[in-house]
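Next comes entry_11.cif, a file with mmCIF, C-alpha atoms.
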```cif
data_start
loop_
_atom_site.group_PDB
_atom_site.id
_atom_site.type_symbol
_atom_site.label_atom_id
_atom_site.label_comp_id
_atom_site.auth_asym_id
_atom_site.auth_seq_id
_atom_site.Cartn_x
_atom_site.Cartn_y
_atom_site.Cartn_z
ATOM 1 C CA MET A 154 170.375 -46.234 11.607
ATOM 2 C CA THR A 155 169.982 -49.978 11.172
ATOM 3 C CA ASP A 156 168.536 -51.540 14.262
ATOM 4 C CA GLN A 157 170.206 -54.803 15.140
ATOM 5 C CA TRP A 158 168.254 -54.934 18.391
ATOM 6 C CA GLU A 159 165.141 -57.035 18.194
ATOM 7 C CA PRO A 160 162.090 -55.552 19.881
ATOM 8 C CA VAL A 161 161.390 -56.588 23.440
ATOM 9 C CA ASP A 162 158.004 -58.219 23.881
ATOM 10 C CA LEU A 163 155.947 -55.511 25.572
ATOM 11 C CA SER A 164 152.611 -57.236 25.079
ATOM 12 C CA SER A 165 152.127 -57.802 28.789
ATOM 13 C CA LEU A 166 151.763 -54.003 29.036
ATOM 14 C CA ASP A 167 148.941 -54.070 26.501
ATOM 15 C CA PRO A 168 146.069 -52.288 28.254
ATOM 16 C CA ALA A 169 143.496 -54.438 26.470
ATOM 17 C CA ARG A 170 144.713 -57.418 28.499
ATOM 18 C CA ARG A 171 143.420 -55.800 31.652
ATOM 19 C CA SER A 172 139.793 -56.221 32.539
ATOM 20 C CA GLU A 173 139.441 -52.532 33.445
ATOM 21 C CA TRP A 174 140.466 -51.254 30.037
ATOM 22 C CA ALA A 175 137.160 -51.717 28.220
ATOM 23 C CA ALA A 176 135.369 -49.946 31.070
ATOM 24 C CA ARG A 177 137.935 -47.136 30.917
ATOM 25 C CA VAL A 178 137.368 -46.653 27.183
ATOM 26 C CA GLU A 179 133.606 -46.668 27.670
ATOM 27 C CA ALA A 180 133.810 -44.150 30.531
ATOM 28 C CA THR A 181 135.923 -41.859 28.349
ATOM 29 C CA ARG A 182 133.446 -42.208 25.482
ATOM 30 C CA ARG A 183 130.578 -41.180 27.800
ATOM 31 C CA GLN A 184 132.528 -38.165 29.068
ATOM 32 C CA VAL A 185 133.297 -37.106 25.501
ATOM 33 C CA ILE A 186 129.626 -37.294 24.537
ATOM 34 C CA ALA A 187 128.711 -35.267 27.633
ATOM 35 C CA ALA A 188 131.335 -32.664 26.701
ATOM 36 C CA LEU A 189 129.936 -32.389 23.177
ATOM 37 C CA GLU A 190 126.381 -32.074 24.500
ATOM 38 C CA HIS A 191 127.536 -29.333 26.834
ATOM 39 C CA ARG A 192 129.105 -27.507 23.873
ATOM 40 C CA ALA A 193 125.917 -27.877 21.848
ATOM 41 C CA ALA A 194 123.796 -26.551 24.720
ATOM 42 C CA GLN A 195 125.782 -23.343 24.918
ATOM 43 C CA GLY A 196 123.821 -20.382 23.534
ATOM 44 C CA PRO A 197 125.229 -17.418 21.610
ATOM 45 C CA LEU A 198 125.481 -15.413 24.855
ATOM 46 C CA ASP A 199 127.800 -18.059 26.325
ATOM 47 C CA VAL A 200 130.001 -17.791 23.251
ATOM 48 C CA VAL A 201 130.010 -13.982 23.419
ATOM 49 C CA GLY A 202 130.617 -14.180 27.165
ATOM 50 C CA ALA A 203 133.581 -16.481 26.669
ATOM 51 C CA TRP A 204 135.111 -13.900 24.321
ATOM 52 C CA ALA A 205 133.971 -10.858 26.323
ATOM 53 C CA ARG A 206 135.507 -11.884 29.642
ATOM 54 C CA PRO A 207 139.156 -11.826 28.514
ATOM 55 C CA ILE A 208 138.537 -8.671 26.466
ATOM 56 C CA LEU A 209 137.028 -6.881 29.479
ATOM 57 C CA ALA A 210 139.904 -8.055 31.654
ATOM 58 C CA ALA A 211 142.423 -6.774 29.082
ATOM 59 C CA ALA A 212 140.561 -3.446 28.901
ATOM 60 C CA ALA A 213 140.680 -3.098 32.701
ATOM 61 C CA VAL A 214 144.427 -3.757 32.729
ATOM 62 C CA LEU A 215 144.919 -1.239 29.905
ATOM 63 C CA LEU A 216 142.906 1.359 31.812
ATOM 64 C CA VAL A 217 145.040 0.898 34.921
ATOM 65 C CA LEU A 218 148.235 1.156 32.836
ATOM 66 C CA LEU A 219 147.015 4.286 31.057
ATOM 67 C CA GLY A 220 145.986 5.833 34.365
ATOM 68 C CA GLY A 221 149.427 5.110 35.805
ATOM 69 C CA ALA A 222 151.174 6.520 32.746
ATOM 70 C CA ASP A 223 148.997 9.644 32.895
ATOM 71 C CA ALA A 224 149.822 10.176 36.553
ATOM 72 C CA LEU A 225 153.541 9.772 35.828
ATOM 73 C CA LEU A 226 153.420 12.241 32.932
ATOM 74 C CA ARG A 227 151.491 14.802 34.956
ATOM 75 C CA GLY A 228 153.960 14.652 37.805
ATOM 76 C CA PRO A 229 153.287 14.745 41.555
ATOM 77 C CA ALA A 230 150.069 15.948 43.161
ATOM 78 C CA SER A 231 151.586 19.312 44.193
ATOM 79 C CA ALA A 232 152.257 20.126 40.524
ATOM 80 C CA ALA A 233 148.671 19.256 39.694
ATOM 81 C CA ARG A 234 147.466 21.603 42.466
ATOM 82 C CA GLY A 235 149.684 24.349 41.010
ATOM 83 C CA ARG A 236 148.131 23.968 37.587
ATOM 84 C CA LEU A 237 144.677 24.093 39.133
ATOM 85 C CA GLY A 238 145.538 27.410 40.841
ATOM 86 C CA GLU A 239 146.844 28.832 37.576
ATOM 87 C CA ALA A 240 143.653 27.874 35.795
ATOM 88 C CA ARG A 241 141.539 29.493 38.515
ATOM 89 C CA ARG A 242 143.565 32.738 38.426
ATOM 90 C CA LEU A 243 143.447 32.788 34.611
ATOM 91 C CA GLY A 244 139.682 32.422 34.857
ATOM 92 C CA LEU A 245 139.423 35.323 37.291
ATOM 93 C CA LEU A 246 141.685 37.503 35.091
ATOM 94 C CA SER A 247 139.582 36.723 32.011
ATOM 95 C CA GLU A 248 136.404 37.559 33.885
ATOM 96 C CA ALA A 249 137.841 40.888 35.088
ATOM 97 C CA SER A 250 139.141 41.729 31.607
ATOM 98 C CA LEU A 251 135.728 41.061 30.075
ATOM 99 C CA ALA A 252 134.086 43.252 32.744
ATOM 100 C CA HIS A 253 136.424 46.090 31.832
ATOM 101 C CA GLY A 254 136.199 45.418 28.091
ATOM 102 C CA ARG A 255 139.943 44.927 27.545
ATOM 103 C CA MET A 256 142.438 42.145 26.857
ATOM 104 C CA PRO A 257 144.720 40.989 29.724
ATOM 105 C CA THR A 258 148.252 42.362 29.428
ATOM 106 C CA GLY A 259 151.341 40.174 29.073
ATOM 107 C CA ALA A 260 152.587 41.300 32.483
ATOM 108 C CA GLU A 261 149.330 40.175 34.099
ATOM 109 C CA LEU A 262 149.554 36.761 32.446
ATOM 110 C CA ARG A 263 153.217 36.322 33.428
ATOM 111 C CA GLY A 264 152.334 37.287 36.977
ATOM 112 C CA ILE A 265 149.694 34.566 37.195
ATOM 113 C CA LEU A 266 152.029 31.890 35.844
ATOM 114 C CA ARG A 267 154.865 32.873 38.214
ATOM 115 C CA GLU A 268 152.675 33.063 41.301
ATOM 116 C CA PRO A 269 153.310 30.088 43.616
ATOM 117 C CA ALA A 270 150.566 27.556 44.262
ATOM 118 C CA PRO A 271 148.391 28.304 47.334
ATOM 119 C CA MET B 218 149.227 -41.421 7.455
ATOM 120 C CA GLU B 219 145.811 -40.160 8.472
ATOM 121 C CA ASP B 220 146.507 -36.482 9.099
ATOM 122 C CA THR B 221 144.062 -35.226 6.459
ATOM 123 C CA ASP B 222 141.405 -37.283 8.128
ATOM 124 C CA ASP B 223 142.362 -35.809 11.465
ATOM 125 C CA ALA B 224 141.598 -32.315 10.194
ATOM 126 C CA GLU B 225 138.249 -33.450 8.894
ATOM 127 C CA LEU B 226 137.420 -35.283 12.112
ATOM 128 C CA VAL B 227 138.364 -32.262 14.205
ATOM 129 C CA ALA B 228 136.069 -30.078 12.083
ATOM 130 C CA ARG B 229 133.238 -32.540 12.605
ATOM 131 C CA VAL B 230 133.870 -32.711 16.366
ATOM 132 C CA ARG B 231 133.707 -28.921 16.466
ATOM 133 C CA ALA B 232 130.323 -29.208 14.806
ATOM 134 C CA GLY B 233 129.233 -31.586 17.571
ATOM 135 C CA ASP B 234 129.627 -34.929 15.781
ATOM 136 C CA ALA B 235 130.060 -37.598 18.473
ATOM 137 C CA ARG B 236 130.936 -40.277 15.911
ATOM 138 C CA ALA B 237 133.914 -38.214 14.766
ATOM 139 C CA ALA B 238 135.058 -37.936 18.381
ATOM 140 C CA ASP B 239 134.698 -41.693 18.658
ATOM 141 C CA ARG B 240 136.922 -42.154 15.602
ATOM 142 C CA LEU B 241 139.589 -39.996 17.223
ATOM 143 C CA LEU B 242 139.219 -42.012 20.424
ATOM 144 C CA GLU B 243 139.742 -45.279 18.539
ATOM 145 C CA ARG B 244 142.690 -43.838 16.667
ATOM 146 C CA TYR B 245 144.559 -42.230 19.544
ATOM 147 C CA PHE B 246 143.381 -43.501 22.906
ATOM 148 C CA ARG B 247 145.891 -46.331 23.150
ATOM 149 C CA ALA B 248 148.683 -43.994 22.061
ATOM 150 C CA CYS B 249 147.563 -41.573 24.764
ATOM 151 C CA ARG B 250 147.881 -44.383 27.243
ATOM 152 C CA ALA B 251 151.361 -45.319 25.965
ATOM 153 C CA VAL B 252 152.560 -41.718 26.297
ATOM 154 C CA ALA B 253 151.020 -41.448 29.763
ATOM 155 C CA LEU B 254 152.678 -44.719 30.785
ATOM 156 C CA ALA B 255 156.021 -43.413 29.526
ATOM 157 C CA VAL B 256 155.634 -40.403 31.828
ATOM 158 C CA THR B 257 154.106 -41.976 34.926
ATOM 159 C CA GLY B 258 155.581 -45.483 34.936
ATOM 160 C CA SER B 259 152.340 -46.571 36.582
ATOM 161 C CA GLU B 260 149.523 -48.263 34.702
ATOM 162 C CA ALA B 261 146.837 -46.899 37.020
ATOM 163 C CA ASP B 262 148.085 -43.321 36.679
ATOM 164 C CA ALA B 263 148.502 -43.782 32.918
ATOM 165 C CA ASP B 264 144.867 -44.854 32.618
ATOM 166 C CA ASP B 265 143.736 -41.777 34.574
ATOM 167 C CA ALA B 266 145.967 -39.415 32.599
ATOM 168 C CA CYS B 267 144.913 -40.676 29.190
ATOM 169 C CA GLN B 268 141.210 -40.474 30.055
ATOM 170 C CA GLU B 269 141.448 -37.002 31.571
ATOM 171 C CA GLY B 270 143.726 -35.770 28.795
ATOM 172 C CA PHE B 271 141.510 -37.040 26.006
ATOM 173 C CA VAL B 272 138.357 -35.532 27.495
ATOM 174 C CA GLN B 273 140.185 -32.253 28.082
ATOM 175 C CA ALA B 274 141.286 -32.213 24.439
ATOM 176 C CA ILE B 275 137.696 -32.622 23.236
ATOM 177 C CA GLU B 276 136.522 -29.894 25.605
ATOM 178 C CA ARG B 277 139.230 -27.591 24.239
ATOM 179 C CA ILE B 278 138.951 -28.699 20.612
ATOM 180 C CA ASP B 279 138.561 -25.077 19.476
ATOM 181 C CA ASP B 280 142.090 -24.408 20.783
ATOM 182 C CA CYS B 281 143.625 -26.952 18.367
ATOM 183 C CA ARG B 282 145.219 -24.506 15.947
ATOM 184 C CA HIS B 283 146.429 -27.104 13.451
ATOM 185 C CA PRO B 284 143.709 -29.755 13.156
ATOM 186 C CA ALA B 285 145.857 -31.812 10.768
ATOM 187 C CA ARG B 286 148.276 -32.183 13.679
ATOM 188 C CA PHE B 287 145.609 -33.126 16.190
ATOM 189 C CA GLY B 288 147.529 -36.230 17.274
ATOM 190 C CA GLY B 289 150.604 -34.352 18.424
ATOM 191 C CA TRP B 290 148.473 -31.717 20.147
ATOM 192 C CA LEU B 291 146.448 -34.369 21.954
ATOM 193 C CA LEU B 292 149.531 -36.275 23.077
ATOM 194 C CA GLN B 293 151.011 -33.075 24.500
ATOM 195 C CA ILE B 294 147.860 -32.509 26.564
ATOM 196 C CA VAL B 295 148.061 -36.103 27.843
ATOM 197 C CA ARG B 296 151.779 -35.713 28.572
ATOM 198 C CA ASN B 297 151.114 -32.575 30.626
ATOM 199 C CA ARG B 298 148.265 -34.266 32.449
ATOM 200 C CA ALA B 299 150.505 -37.252 33.241
ATOM 201 C CA ARG B 300 153.255 -34.976 34.546
ATOM 202 C CA ASN B 301 150.768 -33.267 36.835
ATOM 203 C CA LEU B 302 149.676 -36.653 38.140
ATOM 204 C CA VAL B 303 153.271 -37.656 38.792
ATOM 205 C CA ARG B 304 153.777 -34.478 40.779
ATOM 206 C CA HIS B 305 150.627 -35.089 42.801
ATOM 207 C CA HIS B 306 150.984 -38.841 43.251
ATOM 208 C CA ALA B 307 154.734 -39.299 43.421
ATOM 209 C CA VAL B 308 154.455 -42.036 46.015
ATOM 210 C CA ARG B 309 151.906 -44.010 44.031
ATOM 211 C CA ALA B 310 154.112 -43.974 40.967
ATOM 212 C CA THR B 311 156.710 -46.091 42.741
ATOM 213 C CA GLU B 312 154.302 -48.643 44.114
ATOM 214 C CA PRO B 313 154.427 -52.153 42.658
ATOM 215 C CA LEU B 314 151.670 -53.134 40.278
ATOM 216 C CA GLU B 315 148.417 -54.023 41.939
ATOM 217 C CA LEU B 316 147.699 -57.699 41.432
ATOM 218 C CA HIS B 317 143.951 -57.134 41.347
ATOM 219 C CA GLU B 318 144.411 -55.214 38.100
ATOM 220 C CA VAL B 319 145.126 -58.422 36.237
ATOM 221 C CA ALA B 320 142.265 -60.376 37.677
ATOM 222 C CA GLY B 321 140.450 -62.275 34.979
ATOM 223 C CA ALA B 322 139.731 -65.729 33.766
ATOM 224 C CA GLU B 323 143.365 -66.844 33.938
ATOM 225 C CA SER B 324 144.784 -68.902 36.768
ATOM 226 C CA ALA B 325 146.246 -67.189 39.797
ATOM 227 C CA ALA B 326 149.712 -68.501 38.907
ATOM 228 C CA ALA B 327 149.534 -66.996 35.413
ATOM 229 C CA GLU B 328 148.333 -63.724 36.887
ATOM 230 C CA VAL B 329 151.244 -63.597 39.277
ATOM 231 C CA GLU B 330 153.698 -64.480 36.533
ATOM 232 C CA ARG B 331 152.411 -61.778 34.233
ATOM 233 C CA ALA B 332 152.311 -59.236 37.039
ATOM 234 C CA GLU B 333 155.974 -60.017 37.741
ATOM 235 C CA LEU B 334 156.822 -59.607 34.065
ATOM 236 C CA ARG B 335 155.009 -56.272 33.949
ATOM 237 C CA THR B 336 156.871 -55.118 37.033
ATOM 238 C CA LEU B 337 160.182 -56.076 35.412
ATOM 239 C CA LEU B 338 159.268 -54.324 32.162
ATOM 240 C CA LEU B 339 158.127 -51.158 33.915
ATOM 241 C CA ALA B 340 161.314 -51.119 35.979
ATOM 242 C CA ALA B 341 163.418 -51.547 32.823
ATOM 243 C CA LEU B 342 161.451 -48.834 31.027
ATOM 244 C CA GLY B 343 161.951 -46.609 34.052
ATOM 245 C CA GLU B 344 165.682 -46.627 33.408
ATOM 246 C CA LEU B 345 165.210 -45.038 29.974
ATOM 247 C CA PRO B 346 164.868 -41.330 29.261
ATOM 248 C CA GLU B 347 161.222 -40.324 28.812
ATOM 249 C CA ALA B 348 161.593 -39.658 25.069
ATOM 250 C CA GLN B 349 162.980 -43.177 24.501
ATOM 251 C CA ARG B 350 160.172 -44.688 26.558
ATOM 252 C CA GLU B 351 157.567 -42.912 24.440
ATOM 253 C CA VAL B 352 159.120 -44.012 21.181
ATOM 254 C CA VAL B 353 159.600 -47.649 22.149
ATOM 255 C CA LEU B 354 156.070 -47.945 23.555
ATOM 256 C CA LEU B 355 154.480 -46.307 20.516
ATOM 257 C CA HIS B 356 156.518 -48.411 18.098
ATOM 258 C CA ASP B 357 156.829 -51.810 19.781
ATOM 259 C CA LEU B 358 153.556 -51.846 21.730
ATOM 260 C CA GLU B 359 151.199 -49.686 19.662
ATOM 261 C CA GLY B 360 152.654 -50.512 16.253
ATOM 262 C CA TRP B 361 153.147 -46.953 15.050
ATOM 263 C CA THR B 362 155.669 -46.551 12.235
ATOM 264 C CA HIS B 363 158.801 -44.435 12.506
ATOM 265 C CA GLU B 364 157.178 -41.885 10.225
ATOM 266 C CA GLU B 365 153.970 -41.689 12.262
ATOM 267 C CA ILE B 366 155.941 -41.174 15.454
ATOM 268 C CA ALA B 367 158.141 -38.551 13.806
ATOM 269 C CA VAL B 368 155.168 -36.574 12.516
ATOM 270 C CA ARG B 369 152.998 -36.855 15.591
ATOM 271 C CA LEU B 370 155.721 -36.213 18.155
ATOM 272 C CA GLU B 371 157.271 -33.596 15.856
ATOM 273 C CA LEU B 372 160.683 -35.265 15.962
ATOM 274 C CA PRO B 373 163.163 -35.795 13.100
ATOM 275 C CA ALA B 374 162.864 -39.317 11.688
ATOM 276 C CA GLY B 375 166.523 -39.972 12.502
ATOM 277 C CA THR B 376 165.912 -39.082 16.138
ATOM 278 C CA VAL B 377 163.016 -41.525 16.307
ATOM 279 C CA ARG B 378 165.205 -44.326 14.931
ATOM 280 C CA SER B 379 167.984 -43.425 17.326
ATOM 281 C CA HIS B 380 165.608 -43.384 20.329
ATOM 282 C CA LEU B 381 164.203 -46.744 19.323
ATOM 283 C CA HIS B 382 167.644 -48.259 18.837
ATOM 284 C CA HIS B 383 168.945 -47.079 22.212
ATOM 285 C CA ALA B 384 165.716 -47.954 24.011
ATOM 286 C CA ARG B 385 165.715 -51.533 22.716
ATOM 287 C CA ARG B 386 169.378 -51.998 23.547
ATOM 288 C CA ARG B 387 168.970 -50.709 27.083
ATOM 289 C CA LEU B 388 165.800 -52.702 27.656
ATOM 290 C CA ARG B 389 167.515 -55.906 26.517
ATOM 291 C CA ARG B 390 170.461 -55.271 28.806
ATOM 292 C CA SER B 391 168.291 -54.380 31.793
ATOM 293 C CA LEU B 392 166.085 -57.414 31.375
ATOM 294 C CA SER B 393 168.996 -59.806 30.874
ATOM 295 C CA GLU B 394 170.615 -58.469 34.040
ATOM 296 C CA ASP B 395 167.360 -59.052 35.899
ATOM 297 C CA VAL B 396 167.164 -62.614 34.634
ATOM 298 C CA GLU B 397 170.758 -63.303 35.673
#
```
Would you mind writing the file's structure down as C-alpha cells?
Amino acid sequence: MTDQWEPVDLSSLDPARRSEWAARVEATRRQVIAALEHRAAQGPLDVVGAWARPILAAAAVLLVLLGGADALLRGPASAARGRLGEARRLGLLSEASLAHGRMPTGAELRGILREPAP
Amino acid sequence: MEDTDDAELVARVRAGDARAADRLLERYFRACRAVALAVTGSEADADDACQEGFVQAIERIDDCRHPARFGGWLLQIVRNRARNLVRHHAVRATEPLELHEVAGAESAAAEVERAELRTLLLAALGELPEAQREVVLLHDLEGWTHEEIAVRLELPAGTVRSHLHHARRRLRRSLSEDVE
C-alpha cells in the first residue's frame, strides 16, 4: 500500500524530552541489575525447589484424582463392606479346611459368596 | 534486523551478564514505552508499565522460549502490564497531562504550548484502534521499519502498512478538526 499520508510530528511525545525519563531509565537499569544479582545468588536447592514445587503439586492432584477414580470403580461403601465380609469368611473356611486336612467344596465357596453382608 | 543478536544477548543475560541486559534495555526500552503509551494513553502510566514490564521480562528470562524473538515477547509482557494498569487506574488514564512533567529549562509559555500539543496528540491517538496506535508510535516516533514492526509484533507486513496508513490518515483528520 502506498502511503500518501505524511507522518504526523509525534516528537512532542518523545520521552527523552521529559526530565523524568533519564531517571526512569536509570531506575530500570538498577532494578535489572538487582534482578540478575538475585538470580546469581540462588543456590542449586532454589533451582531444584522451583522445579519441585509444581511437580509435587501435580503429584498431589494426581493422587486425589486416582483416589477418586478408585473409589468410583470400587463402588459404594456398602459394597466394600460386603467384600470385606467375603474375605473374612473365606479366611475362616480356609482355616477350617486346613484343620481338617481337606479342600473346601464348591458348595461351601458358593455359600460364602452368596451370603449377604453383615 | 538484530534478532540473531537478541538470541545471543538473551543467552548472556541468562548467564548473569548485566551488560547484555543493558544492551536489551537500550534496544527496546523506548519501544516498550511506545507500546505502553498505545495501551494506556497516559505518559505516566506508560512509564510505569514499561519499567515494570522490562524488569519482569528480565526476571522471567528463562521463560522466553524463542530468544531470537525476545522483542515480541518483551512487548507482550509490557502490553499486559499496561492493560493491568489501565484496569487499576482507569480514572488516571483520562486525566489531562500533568504540567509538572514537562518542567525543564524552557520557558513556562513553551511548556504550556507543548503540553497542549501533547494533550491534542494523545486525544487524537486515543481515537485510533490500539493496533494502529502501536504501529504509528513505533514507526513515526521510534523509527522502526515496517519489517521490524512486522517481525516483532508478529504481524503480516501488509497489515503493518495498512495500520500505518489508516493511523496517519485518522490522526491528520483529527488534528485538523481540532485546529479548526
Problem set entry | Surrounding residues of B:Ala255 excluding itself and chain neighbours under 2 positions, 12 Å, all atoms listed in the file, as a PyMOL selection string | (chain A and resi 166) or (chain B and resi 248-253+257-260+262-264+266-267+292+295-297+299-300+303+310+338-355+358)
Exercise. Within 12 Å of (169.2, -57.4, 26.6), in the coordinates the file gives, what residues turn up when you count only C-alpha atoms, written out as a list of chain:residue names?
Worked result: A:Gln157, A:Trp158, A:Glu159, A:Pro160, A:Val161, A:Asp162, B:Leu338, B:Ala341, B:His383, B:Ala384, B:Arg385, B:Arg386, B:Arg387, B:Leu388, B:Arg389, B:Arg390, B:Ser391, B:Leu392, B:Ser393, B:Glu394, B:Asp395, B:Val396, B:Glu397
Exercise. Taking the file as shown, what set of residues would the PyMOL selection byres ((chain B) within 7 of (chain A)) give back, as number ranges by chain?
Worked result: B: 233, 235, 239, 268, 272, 275-276, 318-319, 321, 331, 335, 357-358, 378-379, 382, 385-386, 389
Problem set entry | Given the PyMOL selection byres ((chain A and resi 267) around 12), the residues it picks as a PyMOL selection string | chain A and resi 235-236+238-239+242-243+260-266+268-270
Exercise. Where does the PyMOL selection byres ((chain B and resi 286) around 8) land in this file, that is, which residues does it pick, as a PyMOL selection string?
Worked result: chain B and resi 220+223-224+283-285+287-290+369
For this session: Would you work out the distance separating atom CA of B:Ala261 from atom CA of B:His306, expressed in Å to one decimal?
Result: 11.0 Å
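Atom to atom, atom CA of B:Leu241 and atom CA of B:Asp222 stand 9.7 Å apart.
One distance worth recording is that between atom CA of B:Leu291 and atom CA of B:Tyr245, which is 8.4 Å.
Shortest atom-to-atom contact with B:Phe246 among B:Glu364, B:Glu371, B:Glu359, B:Asp279: B:Glu359, counting only C-alpha atoms.
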